[in-house]
Amino acid sequence: MLQLPESFLQEMRELLGDEYDAWEKSYEHNEGFRGLRVNTGKLRPEEFQALSAFSLRAVPWTRNGFYLEEQAQASKHPYYAAGLYYLQEPSAMTPAACLPIKEGDRVLDLCAAPGGKATELAAKLRGTGVLVANDISNSRAKALLKNLELFGAGNILVTSETPERLLNYFEGWFDKILVDAPCSGEGMFRKEPSMVKDWLEKGPDYYAEIQRTVVTAAAKLLRPGGQLVYSTCTFSKHENEETIERLIKEEGFTLLPLPLPEEREALGFAPGLGACAGAARLFPHRLDGEGHFVALLQKNVCSDNSAATLPRHKEKADSKGVLKKLPEEWLDFAKDLHVKWDARCFRLYDGRLYVLPEALTGKNIRSLRFLRTGLYLGEVKPKRFEPSQALAMYLRKEEFALSVDLKADDERVFRYLKGETLDLEDLAARGAKGWCLVCVDGYPLGWGKLANGTLKNKYYPGWRW
Ligand SMILES: C[S@@+](CC[C@H](N)C(=O)[O-])C[C@H]1O[C@@H](n2cnc3c(N)ncnc32)[C@H](O)[C@@H]1O
């Protein structure tokens with residue numbers, strides 16, 4: 001068995017009692033489980049199963065999660081490049097599955113990088129409302145942005161801020177919040193043994209302090225009546241139940257039952273401790289997944305409408321980038337595009353054209369540290385428009401006039417993803433020319449420019465294989 005600190009093992013003995021031996025034995029299964037979560041913003045799980053050759057077994061507590069049964073190179077498959085799935089450890093699929101998102105919601109993922117949960121929240125929003133995805137680490141937020149754009153999410157604001165700074169812009173604004181908190185990672189020791197070192201250096205007390213600050217800010221960012229999922233990948237009561245007990249007592253929250261399948265106990269979910277029985281603890285000896293904690297809470301509605309529950313100030317919408325008239329270069333390109341956006345949502349910043357989620361058009365967010373505001377459409381150049389990789393991922397094949405569709409086993413798919421020029425004479429209609437959406441089995445991968453049966457490669461250089 002993996003060498004684990006004695007003080008940690010002692011805590012697990014106290015926590016698990018009779019179940020301790022079974023838990024310890026589960027560490028003989030050293031690698032844990034590999035999972036894949038289908039992007040339901042692009043296709044239904046059944047459609048993915050019919051399309052893919054992976055051998056998949058359903059993760060029973062999610063609607064779109066699967067165990068990957070063989071050592072498939074799933075991150076080097078063209079469907080991955082088409083944003084059809086995210087590779088995720090099965091227990092980690094639970095928090096986003098438990099946040100009851102409705103279309104049109106304003107959603108915040110406060111500790112979002114690299115996007116394992118944010119990508120699912122975006123899929124659940126189905127292009128409506130807005131997803132603000134934040135991570136304090138700028139380098140990790142870059143990976144978050146890439147994953148959201150790979151998934152085709154356009155209704156996004158990706159920020160790299162402290163939760164306290166977000167309060168200046170979004171107090172009481174969100175309908176739903178996910179706090180997938182930084183934690184001591186006890187539940188991941190089996191899969192990532194390197195985390196033991198961090199535990200020895202910092203441990204649960206260090207993280208409990210951070211969690212306290214993060215959830216206190218999250219509580220204020222949520223509107224009264226709004227819902228919040230708090231999750232960690234640790235077993236520590238100090239980081240789990242004690243954090244949410246504080247939310248309940250000091251911030252006026254109520255613990256709600258988790259929207260998990262009725263047979264949750266049979267599936268292996270353990271209740272939270274003490275008064276937090278409505279929360280769920282996931283243990284590797286009880287189910288096929290790593291250790292996690294998940295709780296769903298609702299912010300109480302105060303009858304007196306006290307100042308504490310209302311936004312602090314009225315703001316003036318930012319007029320920078322607002323357009324009286326859309327650029328001709330864009331209008332010319334958009335003739336081939338079968339999607340319409342509200343003219344009020346377009347913004348042009350330094351020659352780059354965006355569509356903001358409508359909910360953000362009335363806000364002043366320019367001084368936030370952000371990586372992306374809305375859907376980045378592309379660059380307005382002298383006399384032409386260069387569409388972005390994000391736009392290609394956002395579109396469906398039928399939403400652009402010219403496309404070529406390659407089969408996943410066509411070697412040209414790999415050559416396209418490597419940035420090579422392709423000969424497509426057998427696939428392109430005679431005389432077809434101009435911007436072209438390159439697809440794999442009907443799902444866009446990126447752009448190319450077609451002329452005389454040859455495709456000039458416009459796949460985003462930073463994403464090339
Ligand atoms: C458990 S990870 C998040 C994983 C992510 N939700 C996912 O599913 O891919 C916790 C994240 O919190 C970020 N973080 C740490 N302190 C933070 C803070 N004070 N505010 C916001 N994010 C923070 C870390 O950079 C880290 O990316």
# chains A, B, ... in the order shown; residues from 1 in each chain; ligands from 1

call {"tool": "residues_near_ligand", "arguments": {"ligand": "ligand 1", "cutoff": "8 Å", "atoms": "only C-alpha atoms and all ligand atoms", "output": "MDAnalysis selection string"}}
result
chainID A and resid 92 109:118 134:137 140:141 144 160:163 179:183 210:211 213:214 232:233

call {"tool": "select_by_dssp", "arguments": {"residues": "segment 31-266 of chain A", "states": "strand (DSSP E or B)", "output": "PyMOL selection string"}}
result
chain A and resi 35-38+56-58+65-68+85-87+106-109+130-134+156-159+174-180+222-232+253-256

call {"tool": "write_last_selection", "arguments": {"atoms": "N, CA and C atoms", "output": "short mmCIF file (atom, residue, chain, number, x, y, z; two decimals), in the first residue's frame"}}
result
data_model
loop_
_atom_site.label_atom_id
_atom_site.label_comp_id
_atom_site.auth_asym_id
_atom_site.auth_seq_id
_atom_site.Cartn_x
_atom_site.Cartn_y
_atom_site.Cartn_z
N GLY A 35 -12.31 8.33 -16.08
CA GLY A 35 -13.68 8.62 -16.53
C GLY A 35 -13.72 9.61 -17.68
N LEU A 36 -14.87 9.62 -18.33
CA LEU A 36 -15.10 10.51 -19.47
C LEU A 36 -16.51 11.07 -19.31
N ARG A 37 -16.66 12.38 -19.46
CA ARG A 37 -17.98 12.98 -19.33
C ARG A 37 -18.38 13.61 -20.66
N VAL A 38 -19.52 13.20 -21.17
CA VAL A 38 -19.95 13.66 -22.50
C VAL A 38 -20.42 15.12 -22.42
N LEU A 56 -17.32 1.76 -22.84
CA LEU A 56 -17.79 2.66 -21.79
C LEU A 56 -18.76 1.96 -20.84
N ARG A 57 -18.66 2.28 -19.57
CA ARG A 57 -19.62 1.79 -18.56
C ARG A 57 -20.14 3.02 -17.82
N ALA A 58 -21.47 3.11 -17.66
CA ALA A 58 -22.06 4.34 -17.10
C ALA A 58 -21.63 4.56 -15.65
N GLY A 65 -21.82 10.59 -17.49
CA GLY A 65 -20.47 10.17 -17.14
C GLY A 65 -20.26 8.68 -17.40
N PHE A 66 -19.05 8.32 -17.81
CA PHE A 66 -18.73 6.92 -18.11
C PHE A 66 -17.35 6.57 -17.56
N TYR A 67 -17.19 5.32 -17.15
CA TYR A 67 -15.86 4.80 -16.86
C TYR A 67 -15.22 4.45 -18.19
N LEU A 68 -13.97 4.79 -18.34
CA LEU A 68 -13.23 4.40 -19.55
C LEU A 68 -12.58 3.08 -19.24
N TYR A 85 -16.09 15.52 -25.24
CA TYR A 85 -16.04 15.01 -23.86
C TYR A 85 -14.89 15.64 -23.09
N TYR A 86 -14.98 15.47 -21.77
CA TYR A 86 -13.93 15.93 -20.86
C TYR A 86 -13.49 14.69 -20.09
N LEU A 87 -12.19 14.55 -19.87
CA LEU A 87 -11.70 13.39 -19.11
C LEU A 87 -11.71 13.77 -17.63
N ARG A 106 -27.76 32.84 -13.86
CA ARG A 106 -26.43 33.45 -13.74
C ARG A 106 -25.64 32.55 -12.80
N VAL A 107 -24.60 31.94 -13.34
CA VAL A 107 -23.88 30.90 -12.58
C VAL A 107 -22.44 31.32 -12.37
N LEU A 108 -21.92 31.07 -11.18
CA LEU A 108 -20.51 31.34 -10.88
C LEU A 108 -19.83 30.05 -10.46
N ASP A 109 -18.69 29.77 -11.10
CA ASP A 109 -17.80 28.70 -10.62
C ASP A 109 -16.58 29.44 -10.08
N VAL A 130 -25.53 33.09 -18.10
CA VAL A 130 -24.10 33.40 -18.14
C VAL A 130 -23.36 32.51 -17.14
N LEU A 131 -22.16 32.11 -17.54
CA LEU A 131 -21.28 31.38 -16.63
C LEU A 131 -20.05 32.24 -16.39
N VAL A 132 -19.87 32.67 -15.13
CA VAL A 132 -18.63 33.34 -14.76
C VAL A 132 -17.73 32.26 -14.16
N ALA A 133 -16.59 32.03 -14.81
CA ALA A 133 -15.67 30.99 -14.34
C ALA A 133 -14.39 31.69 -13.88
N ASN A 134 -14.10 31.51 -12.59
CA ASN A 134 -12.99 32.26 -11.99
C ASN A 134 -11.97 31.31 -11.37
N ILE A 156 -19.80 33.14 -21.59
CA ILE A 156 -18.87 33.03 -20.47
C ILE A 156 -18.17 34.35 -20.16
N LEU A 157 -17.74 34.45 -18.90
CA LEU A 157 -16.78 35.48 -18.51
C LEU A 157 -15.74 34.71 -17.71
N VAL A 158 -14.50 34.71 -18.19
CA VAL A 158 -13.44 33.96 -17.48
C VAL A 158 -12.54 34.98 -16.78
N THR A 159 -12.50 34.88 -15.47
CA THR A 159 -11.74 35.86 -14.68
C THR A 159 -10.67 35.17 -13.84
N PHE A 174 -25.63 36.34 -8.35
CA PHE A 174 -25.70 34.99 -8.96
C PHE A 174 -26.89 34.17 -8.44
N ASP A 175 -27.45 33.37 -9.37
CA ASP A 175 -28.52 32.43 -9.00
C ASP A 175 -27.94 31.14 -8.43
N LYS A 176 -26.78 30.73 -8.97
CA LYS A 176 -26.18 29.45 -8.57
C LYS A 176 -24.65 29.63 -8.47
N ILE A 177 -24.06 29.03 -7.45
CA ILE A 177 -22.60 29.12 -7.31
C ILE A 177 -22.04 27.73 -6.98
N LEU A 178 -20.94 27.42 -7.61
CA LEU A 178 -20.19 26.22 -7.25
C LEU A 178 -18.89 26.66 -6.59
N VAL A 179 -18.65 26.14 -5.38
CA VAL A 179 -17.35 26.36 -4.72
C VAL A 179 -16.68 24.99 -4.61
N ASP A 180 -15.82 24.71 -5.57
CA ASP A 180 -15.06 23.45 -5.55
C ASP A 180 -13.71 23.85 -4.93
N LEU A 222 -23.99 35.38 -3.83
CA LEU A 222 -25.24 34.68 -4.18
C LEU A 222 -26.45 35.56 -3.83
N ARG A 223 -27.48 35.49 -4.66
CA ARG A 223 -28.70 36.24 -4.33
C ARG A 223 -29.48 35.46 -3.27
N PRO A 224 -30.33 36.16 -2.48
CA PRO A 224 -31.17 35.43 -1.54
C PRO A 224 -32.03 34.42 -2.30
N GLY A 225 -32.13 33.22 -1.79
CA GLY A 225 -32.89 32.16 -2.47
C GLY A 225 -32.03 31.38 -3.45
N GLY A 226 -30.82 31.88 -3.74
CA GLY A 226 -29.92 31.19 -4.66
C GLY A 226 -29.32 29.95 -4.03
N GLN A 227 -28.75 29.08 -4.87
CA GLN A 227 -28.22 27.81 -4.36
C GLN A 227 -26.73 27.68 -4.61
N LEU A 228 -26.07 26.97 -3.69
CA LEU A 228 -24.62 26.86 -3.74
C LEU A 228 -24.22 25.41 -3.49
N VAL A 229 -23.33 24.90 -4.33
CA VAL A 229 -22.74 23.59 -4.04
C VAL A 229 -21.33 23.82 -3.51
N TYR A 230 -21.05 23.19 -2.37
CA TYR A 230 -19.70 23.23 -1.80
C TYR A 230 -19.12 21.83 -1.95
N SER A 231 -17.93 21.73 -2.54
CA SER A 231 -17.32 20.40 -2.69
C SER A 231 -15.83 20.46 -2.44
N THR A 232 -15.30 19.31 -2.02
CA THR A 232 -13.84 19.16 -1.86
C THR A 232 -13.49 17.72 -2.26
N PHE A 253 -27.73 30.11 5.71
CA PHE A 253 -27.95 29.11 4.66
C PHE A 253 -28.69 27.91 5.24
N THR A 254 -29.37 27.16 4.36
CA THR A 254 -30.04 25.92 4.75
C THR A 254 -29.48 24.80 3.88
N LEU A 255 -29.21 23.66 4.51
CA LEU A 255 -28.71 22.51 3.75
C LEU A 255 -29.89 21.85 3.02
N LEU A 256 -29.73 21.57 1.74
CA LEU A 256 -30.80 20.94 0.95
C LEU A 256 -30.42 19.49 0.64
#

call {"tool": "closest_residue", "arguments": {"among": "A:Leu371, A:Leu273, A:Leu427, A:Leu15", "to": "Glu241 of chain A", "atoms": "only C-alpha atoms"}}
result
A:Leu273

call {"tool": "residues_around", "arguments": {"residues": "Lys449 of chain A", "least_positions_apart": "4", "cutoff": "10 Å", "atoms": "only C-alpha atoms", "output": "list in words"}}
result
Leu402, Thr421, Lys433, Gly434, Trp435, Cys436, Leu437, Val438, Gly453, Thr454, Leu455, Lys456, Asn457 and Lys458 of chain A

call {"tool": "select_by_dssp", "arguments": {"residues": "segment 77-215 of chain A", "states": "alpha helix (DSSP H)", "output": "JSON, numbers by chain"}}
result
{"A": [78, 79, 80, 81, 94, 95, 96, 97, 98, 118, 119, 120, 121, 122, 123, 124, 125, 138, 139, 140, 141, 142, 143, 144, 145, 146, 147, 148, 149, 150, 163, 164, 165, 166, 167, 168, 169, 170, 195, 196, 197, 198, 199, 200, 201, 203, 204, 205, 206, 207, 208, 209, 210, 211, 212, 213, 214, 215]}

call {"tool": "residues_around", "arguments": {"residues": "Asn364 of chain A", "least_positions_apart": "3", "cutoff": "7 Å", "atoms": "only C-alpha atoms", "output": "NGL selection string"}}
result
:A and (315-318)

call {"tool": "decode", "arguments": {"residues": "segment 259-383 of chain A", "atoms": "C-alpha atoms", "output": "compact mmCIF listing (two decimals), in the first residue's frame"}}
result
# COMPACT_ATOMS: atom_id res chain seq x y z
CA PRO A 259 -30.41 15.73 -6.26
CA LEU A 260 -28.82 12.28 -6.48
CA PRO A 261 -30.53 9.06 -7.58
CA GLU A 262 -32.89 7.73 -4.88
CA GLU A 263 -30.73 4.66 -4.43
CA ARG A 264 -27.80 6.84 -3.37
CA GLU A 265 -26.96 4.63 -0.39
CA ALA A 266 -26.95 1.50 -2.52
CA LEU A 267 -24.67 3.32 -4.95
CA GLY A 268 -22.21 3.84 -2.10
CA PHE A 269 -22.79 7.45 -1.04
CA ALA A 270 -22.30 8.00 2.70
CA PRO A 271 -24.13 10.81 4.51
CA GLY A 272 -22.27 13.84 5.86
CA LEU A 273 -21.44 13.84 9.56
CA GLY A 274 -23.69 15.06 12.38
CA ALA A 275 -26.15 17.77 11.36
CA CYS A 276 -24.82 17.61 7.79
CA ALA A 277 -26.37 14.23 6.95
CA GLY A 278 -27.90 15.78 3.81
CA ALA A 279 -24.42 16.20 2.34
CA ALA A 280 -22.61 13.27 0.71
CA ARG A 281 -19.26 11.68 1.38
CA LEU A 282 -17.73 9.53 -1.35
CA PHE A 283 -15.24 6.86 -0.25
CA PRO A 284 -13.13 4.67 -2.54
CA HIS A 285 -14.08 1.47 -0.68
CA ARG A 286 -17.80 2.14 -1.18
CA LEU A 287 -17.89 3.13 -4.83
CA ASP A 288 -15.75 3.14 -7.97
CA GLY A 289 -14.24 6.58 -7.54
CA GLU A 290 -11.97 8.69 -5.33
CA GLY A 291 -12.76 10.50 -2.08
CA HIS A 292 -15.04 13.53 -2.30
CA PHE A 293 -17.45 15.64 -0.29
CA VAL A 294 -20.50 17.44 -1.75
CA ALA A 295 -23.16 19.63 -0.14
CA LEU A 296 -26.02 21.68 -1.64
CA LEU A 297 -27.16 24.77 0.26
CA GLN A 298 -29.68 27.53 -0.23
CA LYS A 299 -29.28 31.13 0.88
CA ASN A 300 -32.22 32.07 3.08
CA VAL A 301 -34.45 34.91 1.93
CA CYS A 302 -34.54 37.55 4.67
CA SER A 303 -38.02 38.96 5.27
CA ASP A 304 -36.69 42.48 6.02
CA ASN A 305 -34.75 42.78 2.71
CA SER A 306 -31.78 43.81 4.82
CA ALA A 307 -28.89 45.62 3.22
CA ALA A 308 -26.72 42.56 3.74
CA THR A 309 -28.66 40.68 1.07
CA LEU A 310 -28.86 43.44 -1.51
CA PRO A 311 -26.23 44.63 -3.99
CA ARG A 312 -24.11 47.45 -2.58
CA HIS A 313 -24.37 49.98 -5.39
CA LYS A 314 -25.96 50.82 -8.70
CA GLU A 315 -23.52 50.78 -11.56
CA LYS A 316 -23.23 52.48 -14.90
CA ALA A 317 -22.86 50.15 -17.87
CA ASP A 318 -19.48 50.31 -19.60
CA SER A 319 -19.74 51.96 -23.01
CA LYS A 320 -16.26 50.92 -24.20
CA GLY A 321 -16.40 48.70 -27.26
CA VAL A 322 -20.11 49.37 -27.89
CA LEU A 323 -20.78 49.64 -31.64
CA LYS A 324 -23.18 51.94 -33.45
CA LYS A 325 -22.66 49.90 -36.57
CA LEU A 326 -21.15 46.45 -37.03
CA PRO A 327 -17.90 46.32 -39.08
CA GLU A 328 -18.41 45.67 -42.81
CA GLU A 329 -15.74 42.93 -42.70
CA TRP A 330 -17.80 41.04 -40.10
CA LEU A 331 -21.08 41.57 -41.97
CA ASP A 332 -19.49 40.16 -45.09
CA PHE A 333 -18.23 37.06 -43.24
CA ALA A 334 -21.53 36.67 -41.36
CA LYS A 335 -23.45 36.20 -44.63
CA ASP A 336 -22.33 32.56 -44.45
CA LEU A 337 -23.28 32.20 -40.79
CA HIS A 338 -26.72 30.93 -39.81
CA VAL A 339 -26.69 32.29 -36.26
CA LYS A 340 -28.08 35.62 -35.08
CA TRP A 341 -27.08 37.60 -32.01
CA ASP A 342 -28.72 40.66 -30.50
CA ALA A 343 -26.93 43.72 -31.95
CA ARG A 344 -26.64 45.22 -28.43
CA CYS A 345 -24.39 42.34 -27.35
CA PHE A 346 -21.51 42.99 -29.80
CA ARG A 347 -18.30 44.64 -28.51
CA LEU A 348 -15.15 45.57 -30.39
CA TYR A 349 -11.96 45.84 -28.34
CA ASP A 350 -8.68 46.54 -30.18
CA GLY A 351 -9.94 45.08 -33.45
CA ARG A 352 -11.28 41.93 -31.77
CA LEU A 353 -15.00 41.29 -31.98
CA TYR A 354 -17.01 39.64 -29.16
CA VAL A 355 -20.61 38.83 -28.29
CA LEU A 356 -21.34 39.36 -24.60
CA PRO A 357 -23.90 37.30 -22.70
CA GLU A 358 -26.90 39.63 -22.42
CA ALA A 359 -26.76 39.62 -18.62
CA LEU A 360 -23.32 41.28 -18.78
CA THR A 361 -24.22 44.08 -21.17
CA GLY A 362 -25.44 46.29 -18.32
CA LYS A 363 -22.35 45.75 -16.17
CA ASN A 364 -19.09 47.54 -15.85
CA ILE A 365 -16.43 44.87 -15.70
CA ARG A 366 -13.50 46.50 -17.51
CA SER A 367 -11.28 46.73 -14.45
CA LEU A 368 -11.72 43.05 -13.57
CA ARG A 369 -8.78 40.79 -14.39
CA PHE A 370 -10.43 38.73 -17.10
CA LEU A 371 -9.22 36.36 -19.79
CA ARG A 372 -12.40 36.32 -21.87
CA THR A 373 -15.62 38.32 -22.06
CA GLY A 374 -18.26 36.36 -23.93
CA LEU A 375 -17.77 34.60 -27.24
CA TYR A 376 -14.68 35.76 -29.10
CA LEU A 377 -15.80 35.90 -32.75
CA GLY A 378 -12.52 36.88 -34.40
CA GLU A 379 -10.37 39.72 -35.63
CA VAL A 380 -11.39 42.57 -37.90
CA LYS A 381 -8.45 43.05 -40.28
CA PRO A 382 -8.19 45.56 -43.17
CA LYS A 383 -10.88 44.42 -45.64
